[in-house]
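Input: a single structure, listed below in structure tokens.
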Number of protein chains: 2
Amino acid sequence: MGEHPGEFEQIVMLAVLRLGDKAYGVPIRREIEKRAGRAVTVGALYSTLDRLEAKGYLSSWFADPVPERGGRSRRYFRVEPAGIEALTSARQMFDRMWKGVRLA
Amino acid sequence: MGEHPGEFEQIVMLAVLRLGDKAYGVPIRREIEKRAGRAVTVGALYSTLDRLEAKGYLSSWFADPVPERGGRSRRYFRVEPAGIEALTSARQMFDRMWKGVRLA
DNA sequence: CCGCATTTGATCTACAATGCAGAAATAATC
DNA sequence: GATTATTTCTGCATTGTAGATCAAATGCGG
């Protein structure tokens with residue numbers, strides 16, 4: 001069982017958090033590319049989302065399709081309490097590791 | 001080629017940085033267990049150190065053995081500029097991702 | 001209107017990189 | 001030779017990444 005969330009997993013959860021009720025695949029991906037400044041392939045994103053859900057860090061559900069071109073039904077995501085907890089403890093851990101470190 | 005350093009890799013580099021000229025296997029491990037609050041097996045640590053060195057983020061050299069019981073020669077580590085750069089850019093990226101995120 | 005190109009979105013498959021564990025090896029002192 | 005400190009080795013688990021494929025909706029030419 002994975003204890004610590006990996007770096008990319010954290011990034012994904014943060015993007016979901018920020019997007020709130022607009023968090024589904026496409027915007028999540030855009031958000032990460034914009035904020036984190038790194039390219040994200042669809043495959044990388046969804047497999048990570050699936051793994052996070054399997055761990056209970058995220059939950060997801062399908063919404064009714066929207067009446068737009070290509071308006072297939074979207075899978076929305078929400079960060080669960082366990083995910084919040086994992087995020088904040090990872091952050092605190094990094095703060096402790098950085099504290100007092102002077103760069104060369 | 002690994003582009004982004006993983007989470008544990010960052011932790012290890014931070015421990016090496018903090019320890020300065022006292023950074024070899026045993027204290028690095030102790031430092032991580034103490035600050036990060038998580039158990040670290042020897043294997044996990046050295047394989048990570050090796051990978052970081054292979055990427056040019058760390059360098060290492062062997063010092064003369066110390067005159068102590070079991071005083072085998074120690075392998076010391078130093079964080080290279082590329083490592084510093086990787087650390088700071090990872091941190092900035094996380095800051096951007098966290099910025100403005102409200103929990104629950 | 002029928003059928004197909006187009007669009008948005010999600011899933012699948014395969015592989016690479018990183019994380020983790022514990023046993024074994026090495027070299028020194030007692 | 002037993003003990004101690006330290007590093008190396010081997011194997012497997014988890015996480016990261018890529019790109020092709022599948023799915024379902026609308027738009028449009030005929």
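All residue names refer to the structure tokens as shown: chains lettered A, B, ... in order, residues numbered from 1 in each chain, ligands numbered from 1 in order.
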For Leu19 (chain B): contacts at 12 Å, only C-alpha atoms (C1' of nucleotides), fewer than 6 positions along chain excluded, given as number ranges by chain
A: 97, 100-104; B: 12-13, 25-32, 76-79
Saved selection, atoms kept: N, CA and C atoms, as a PDB file, in the first residue's frame:
```pdb
ATOM      1  N   MET A  97      11.900  20.020   6.352  1.00  0.00           N
ATOM      2  CA  MET A  97      13.157  19.692   5.680  1.00  0.00           C
ATOM      3  C   MET A  97      13.870  20.954   5.171  1.00  0.00           C
ATOM      4  N   GLY A 100      15.784  26.280   7.667  1.00  0.00           N
ATOM      5  CA  GLY A 100      17.168  26.517   8.062  1.00  0.00           C
ATOM      6  C   GLY A 100      18.199  26.071   7.044  1.00  0.00           C
ATOM      7  N   VAL A 101      17.748  25.478   5.947  1.00  0.00           N
ATOM      8  CA  VAL A 101      18.710  25.080   4.924  1.00  0.00           C
ATOM      9  C   VAL A 101      19.204  26.317   4.186  1.00  0.00           C
ATOM     10  N   ARG A 102      20.516  26.456   4.132  1.00  0.00           N
ATOM     11  CA  ARG A 102      21.038  27.580   3.362  1.00  0.00           C
ATOM     12  C   ARG A 102      21.659  27.025   2.078  1.00  0.00           C
ATOM     13  N   LEU A 103      21.340  27.678   0.977  1.00  0.00           N
ATOM     14  CA  LEU A 103      21.784  27.179  -0.310  1.00  0.00           C
ATOM     15  C   LEU A 103      23.194  27.615  -0.631  1.00  0.00           C
ATOM     16  N   ALA A 104      24.125  26.693  -0.491  1.00  0.00           N
ATOM     17  CA  ALA A 104      25.548  26.925  -0.780  1.00  0.00           C
ATOM     18  C   ALA A 104      25.992  28.264  -0.243  1.00  0.00           C
TER      19      ALA A 104
ATOM     20  N   VAL B  12      16.253  13.728   0.254  1.00  0.00           N
ATOM     21  CA  VAL B  12      17.646  13.325   0.431  1.00  0.00           C
ATOM     22  C   VAL B  12      18.590  14.506   0.163  1.00  0.00           C
ATOM     23  N   MET B  13      18.332  15.238  -0.898  1.00  0.00           N
ATOM     24  CA  MET B  13      19.196  16.386  -1.202  1.00  0.00           C
ATOM     25  C   MET B  13      19.138  17.422  -0.092  1.00  0.00           C
ATOM     26  N   GLY B  25      26.319   8.495   4.447  1.00  0.00           N
ATOM     27  CA  GLY B  25      25.172   7.614   4.645  1.00  0.00           C
ATOM     28  C   GLY B  25      24.447   7.631   5.969  1.00  0.00           C
ATOM     29  N   VAL B  26      25.148   7.269   7.034  1.00  0.00           N
ATOM     30  CA  VAL B  26      24.478   7.120   8.319  1.00  0.00           C
ATOM     31  C   VAL B  26      23.806   8.404   8.822  1.00  0.00           C
ATOM     32  N   PRO B  27      24.527   9.530   8.885  1.00  0.00           N
ATOM     33  CA  PRO B  27      23.867  10.753   9.363  1.00  0.00           C
ATOM     34  C   PRO B  27      22.748  11.212   8.432  1.00  0.00           C
ATOM     35  N   ILE B  28      22.913  11.013   7.153  1.00  0.00           N
ATOM     36  CA  ILE B  28      21.862  11.407   6.211  1.00  0.00           C
ATOM     37  C   ILE B  28      20.588  10.665   6.571  1.00  0.00           C
ATOM     38  N   ARG B  29      20.756   9.392   6.812  1.00  0.00           N
ATOM     39  CA  ARG B  29      19.594   8.583   7.155  1.00  0.00           C
ATOM     40  C   ARG B  29      18.952   9.058   8.463  1.00  0.00           C
ATOM     41  N   ARG B  30      19.787   9.311   9.439  1.00  0.00           N
ATOM     42  CA  ARG B  30      19.273   9.774  10.729  1.00  0.00           C
ATOM     43  C   ARG B  30      18.526  11.091  10.575  1.00  0.00           C
ATOM     44  N   GLU B  31      19.133  11.969   9.821  1.00  0.00           N
ATOM     45  CA  GLU B  31      18.543  13.291   9.589  1.00  0.00           C
ATOM     46  C   GLU B  31      17.140  13.182   8.978  1.00  0.00           C
ATOM     47  N   ILE B  32      17.011  12.329   8.005  1.00  0.00           N
ATOM     48  CA  ILE B  32      15.713  12.168   7.355  1.00  0.00           C
ATOM     49  C   ILE B  32      14.694  11.567   8.315  1.00  0.00           C
ATOM     50  N   TYR B  76      31.252  10.484   1.282  1.00  0.00           N
ATOM     51  CA  TYR B  76      30.623  11.781   1.542  1.00  0.00           C
ATOM     52  C   TYR B  76      29.918  12.322   0.304  1.00  0.00           C
ATOM     53  N   PHE B  77      28.907  13.114   0.547  1.00  0.00           N
ATOM     54  CA  PHE B  77      28.115  13.670  -0.552  1.00  0.00           C
ATOM     55  C   PHE B  77      28.019  15.182  -0.476  1.00  0.00           C
ATOM     56  N   ARG B  78      27.871  15.761  -1.661  1.00  0.00           N
ATOM     57  CA  ARG B  78      27.679  17.206  -1.753  1.00  0.00           C
ATOM     58  C   ARG B  78      26.626  17.462  -2.828  1.00  0.00           C
ATOM     59  N   VAL B  79      25.805  18.471  -2.625  1.00  0.00           N
ATOM     60  CA  VAL B  79      24.804  18.819  -3.634  1.00  0.00           C
ATOM     61  C   VAL B  79      25.445  19.727  -4.671  1.00  0.00           C
TER      62      VAL B  79
END
```
Run DSSP on the backbone and grab whatever in region 13-92 of chain B lands in alpha helix (DSSP H); send it over as number ranges by chain.
B: 13-19, 25-35, 42-54, 81-92
Since we have the selection now, will you write its residues out, keeping C-alpha atoms, as a PDB file, in the first residue's frame?
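Printed below is out-v3.pdb as written:
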```pdb
ATOM      1  CA  MET B  13      19.196  16.386  -1.202  1.00  0.00           C
ATOM      2  CA  LEU B  14      17.825  18.620   1.527  1.00  0.00           C
ATOM      3  CA  ALA B  15      19.320  16.377   4.183  1.00  0.00           C
ATOM      4  CA  VAL B  16      22.697  16.463   2.440  1.00  0.00           C
ATOM      5  CA  LEU B  17      22.528  20.233   2.198  1.00  0.00           C
ATOM      6  CA  ARG B  18      21.753  20.634   5.845  1.00  0.00           C
ATOM      7  CA  LEU B  19      24.494  18.285   6.983  1.00  0.00           C
ATOM      8  CA  GLY B  25      25.172   7.614   4.645  1.00  0.00           C
ATOM      9  CA  VAL B  26      24.478   7.120   8.319  1.00  0.00           C
ATOM     10  CA  PRO B  27      23.867  10.753   9.363  1.00  0.00           C
ATOM     11  CA  ILE B  28      21.862  11.407   6.211  1.00  0.00           C
ATOM     12  CA  ARG B  29      19.594   8.583   7.155  1.00  0.00           C
ATOM     13  CA  ARG B  30      19.273   9.774  10.729  1.00  0.00           C
ATOM     14  CA  GLU B  31      18.543  13.291   9.589  1.00  0.00           C
ATOM     15  CA  ILE B  32      15.713  12.168   7.355  1.00  0.00           C
ATOM     16  CA  GLU B  33      14.181   9.946   9.993  1.00  0.00           C
ATOM     17  CA  LYS B  34      14.300  12.763  12.487  1.00  0.00           C
ATOM     18  CA  ARG B  35      13.107  15.666  10.345  1.00  0.00           C
ATOM     19  CA  VAL B  42      19.598   1.668   3.949  1.00  0.00           C
ATOM     20  CA  GLY B  43      18.799   0.284   0.537  1.00  0.00           C
ATOM     21  CA  ALA B  44      16.287   2.992  -0.237  1.00  0.00           C
ATOM     22  CA  LEU B  45      18.784   5.647   0.753  1.00  0.00           C
ATOM     23  CA  TYR B  46      21.822   4.470  -1.180  1.00  0.00           C
ATOM     24  CA  SER B  47      19.977   3.649  -4.358  1.00  0.00           C
ATOM     25  CA  THR B  48      18.536   7.144  -4.287  1.00  0.00           C
ATOM     26  CA  LEU B  49      21.949   8.679  -3.622  1.00  0.00           C
ATOM     27  CA  ASP B  50      23.362   6.744  -6.556  1.00  0.00           C
ATOM     28  CA  ARG B  51      20.613   7.904  -8.860  1.00  0.00           C
ATOM     29  CA  LEU B  52      21.069  11.502  -7.803  1.00  0.00           C
ATOM     30  CA  GLU B  53      24.756  11.268  -8.485  1.00  0.00           C
ATOM     31  CA  ALA B  54      24.101   9.706 -11.896  1.00  0.00           C
ATOM     32  CA  PRO B  81      24.508  23.309  -8.632  1.00  0.00           C
ATOM     33  CA  ALA B  82      22.173  21.262 -10.817  1.00  0.00           C
ATOM     34  CA  GLY B  83      20.750  19.754  -7.616  1.00  0.00           C
ATOM     35  CA  ILE B  84      20.211  23.158  -6.047  1.00  0.00           C
ATOM     36  CA  GLU B  85      18.493  24.317  -9.187  1.00  0.00           C
ATOM     37  CA  ALA B  86      16.233  21.250  -9.248  1.00  0.00           C
ATOM     38  CA  LEU B  87      15.348  21.760  -5.585  1.00  0.00           C
ATOM     39  CA  THR B  88      14.489  25.419  -5.866  1.00  0.00           C
ATOM     40  CA  SER B  89      12.496  25.033  -9.027  1.00  0.00           C
ATOM     41  CA  ALA B  90      10.513  22.166  -7.511  1.00  0.00           C
ATOM     42  CA  ARG B  91       9.793  24.328  -4.530  1.00  0.00           C
ATOM     43  CA  GLN B  92       8.690  27.287  -6.599  1.00  0.00           C
TER      44      GLN B  92
END
```
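Using only C-alpha atoms for every distance, the candidate list A:Arg96, A:His4, A:Arg74, A:Lys55 yields A:Arg74 as the residue closest to Ala23 (chain A).
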Taking only C-alpha atoms (C1' of nucleotides) into account, find every residue of chain A that has an atom no more than 6 Å from chain D, and write it out as a ChimeraX atom specification.
/A:44,69-72
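Distances to chain C were evaluated for A:Tyr57, A:Asp21, A:Phe8, A:Ser73 using only C-alpha atoms (C1' of nucleotides), and the minimum falls at A:Ser73.
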Please find the residues of chain C near chain B - the criterion being any atom within 6 Å, counting only C-alpha atoms (C1' of nucleotides) - and write them as a ChimeraX atom specification.
/C:20,27-29
DSSP on the backbone, strand (DSSP E or B) only: what residues of chain A does that give? Format it as a VMD selection string.
chain A and resid 24 58 to 62 75 to 79
Limited to N, CA and C atoms, could you put the picked residues into a file as a compact mmCIF listing (two decimals), in the first residue's frame?
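Writing the result to part_8.txt gives the following:
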```
# COMPACT_ATOMS: atom_id res chain seq x y z
N TYR A 24 -12.72 18.45 -13.86
CA TYR A 24 -12.75 17.21 -14.64
C TYR A 24 -11.52 17.22 -15.54
N LEU A 58 -9.21 10.74 -3.65
CA LEU A 58 -10.16 11.45 -4.52
C LEU A 58 -11.41 10.60 -4.67
N SER A 59 -12.52 11.26 -5.03
CA SER A 59 -13.68 10.50 -5.47
C SER A 59 -14.11 11.10 -6.80
N SER A 60 -14.85 10.34 -7.60
CA SER A 60 -15.27 10.84 -8.90
C SER A 60 -16.66 10.34 -9.25
N TRP A 61 -17.35 11.07 -10.12
CA TRP A 61 -18.68 10.69 -10.57
C TRP A 61 -18.91 11.29 -11.95
N PHE A 62 -19.85 10.69 -12.68
CA PHE A 62 -20.12 11.20 -14.02
C PHE A 62 -21.33 12.13 -13.99
N ARG A 75 -16.29 13.34 -16.23
CA ARG A 75 -16.05 12.68 -14.95
C ARG A 75 -15.44 13.73 -14.02
N TYR A 76 -16.21 14.09 -13.01
CA TYR A 76 -15.75 15.12 -12.07
C TYR A 76 -15.04 14.51 -10.87
N PHE A 77 -14.13 15.29 -10.32
CA PHE A 77 -13.34 14.81 -9.18
C PHE A 77 -13.44 15.75 -7.99
N ARG A 78 -13.29 15.15 -6.82
CA ARG A 78 -13.28 15.93 -5.59
C ARG A 78 -12.19 15.34 -4.69
N VAL A 79 -11.51 16.18 -3.94
CA VAL A 79 -10.48 15.69 -3.01
C VAL A 79 -11.16 15.29 -1.71
```
Taken to one decimal, the CA of Gly37 (chain A)-CA of Gly56 (chain A) distance is 27.0 Å
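Pairwise distance (CA of Asp95 (chain B), CA of Glu80 (chain A)) equals 21.4 Å.
In terms of minimum interatomic distance to chain B, A:Met93 ranks closest within A:Met93, A:Ala39, A:Gln10, A:Lys22, counting only C-alpha atoms.
Here CA of Trp98 (chain A) is placed at a distance of 13.8 Å from CA of Gly20 (chain B).
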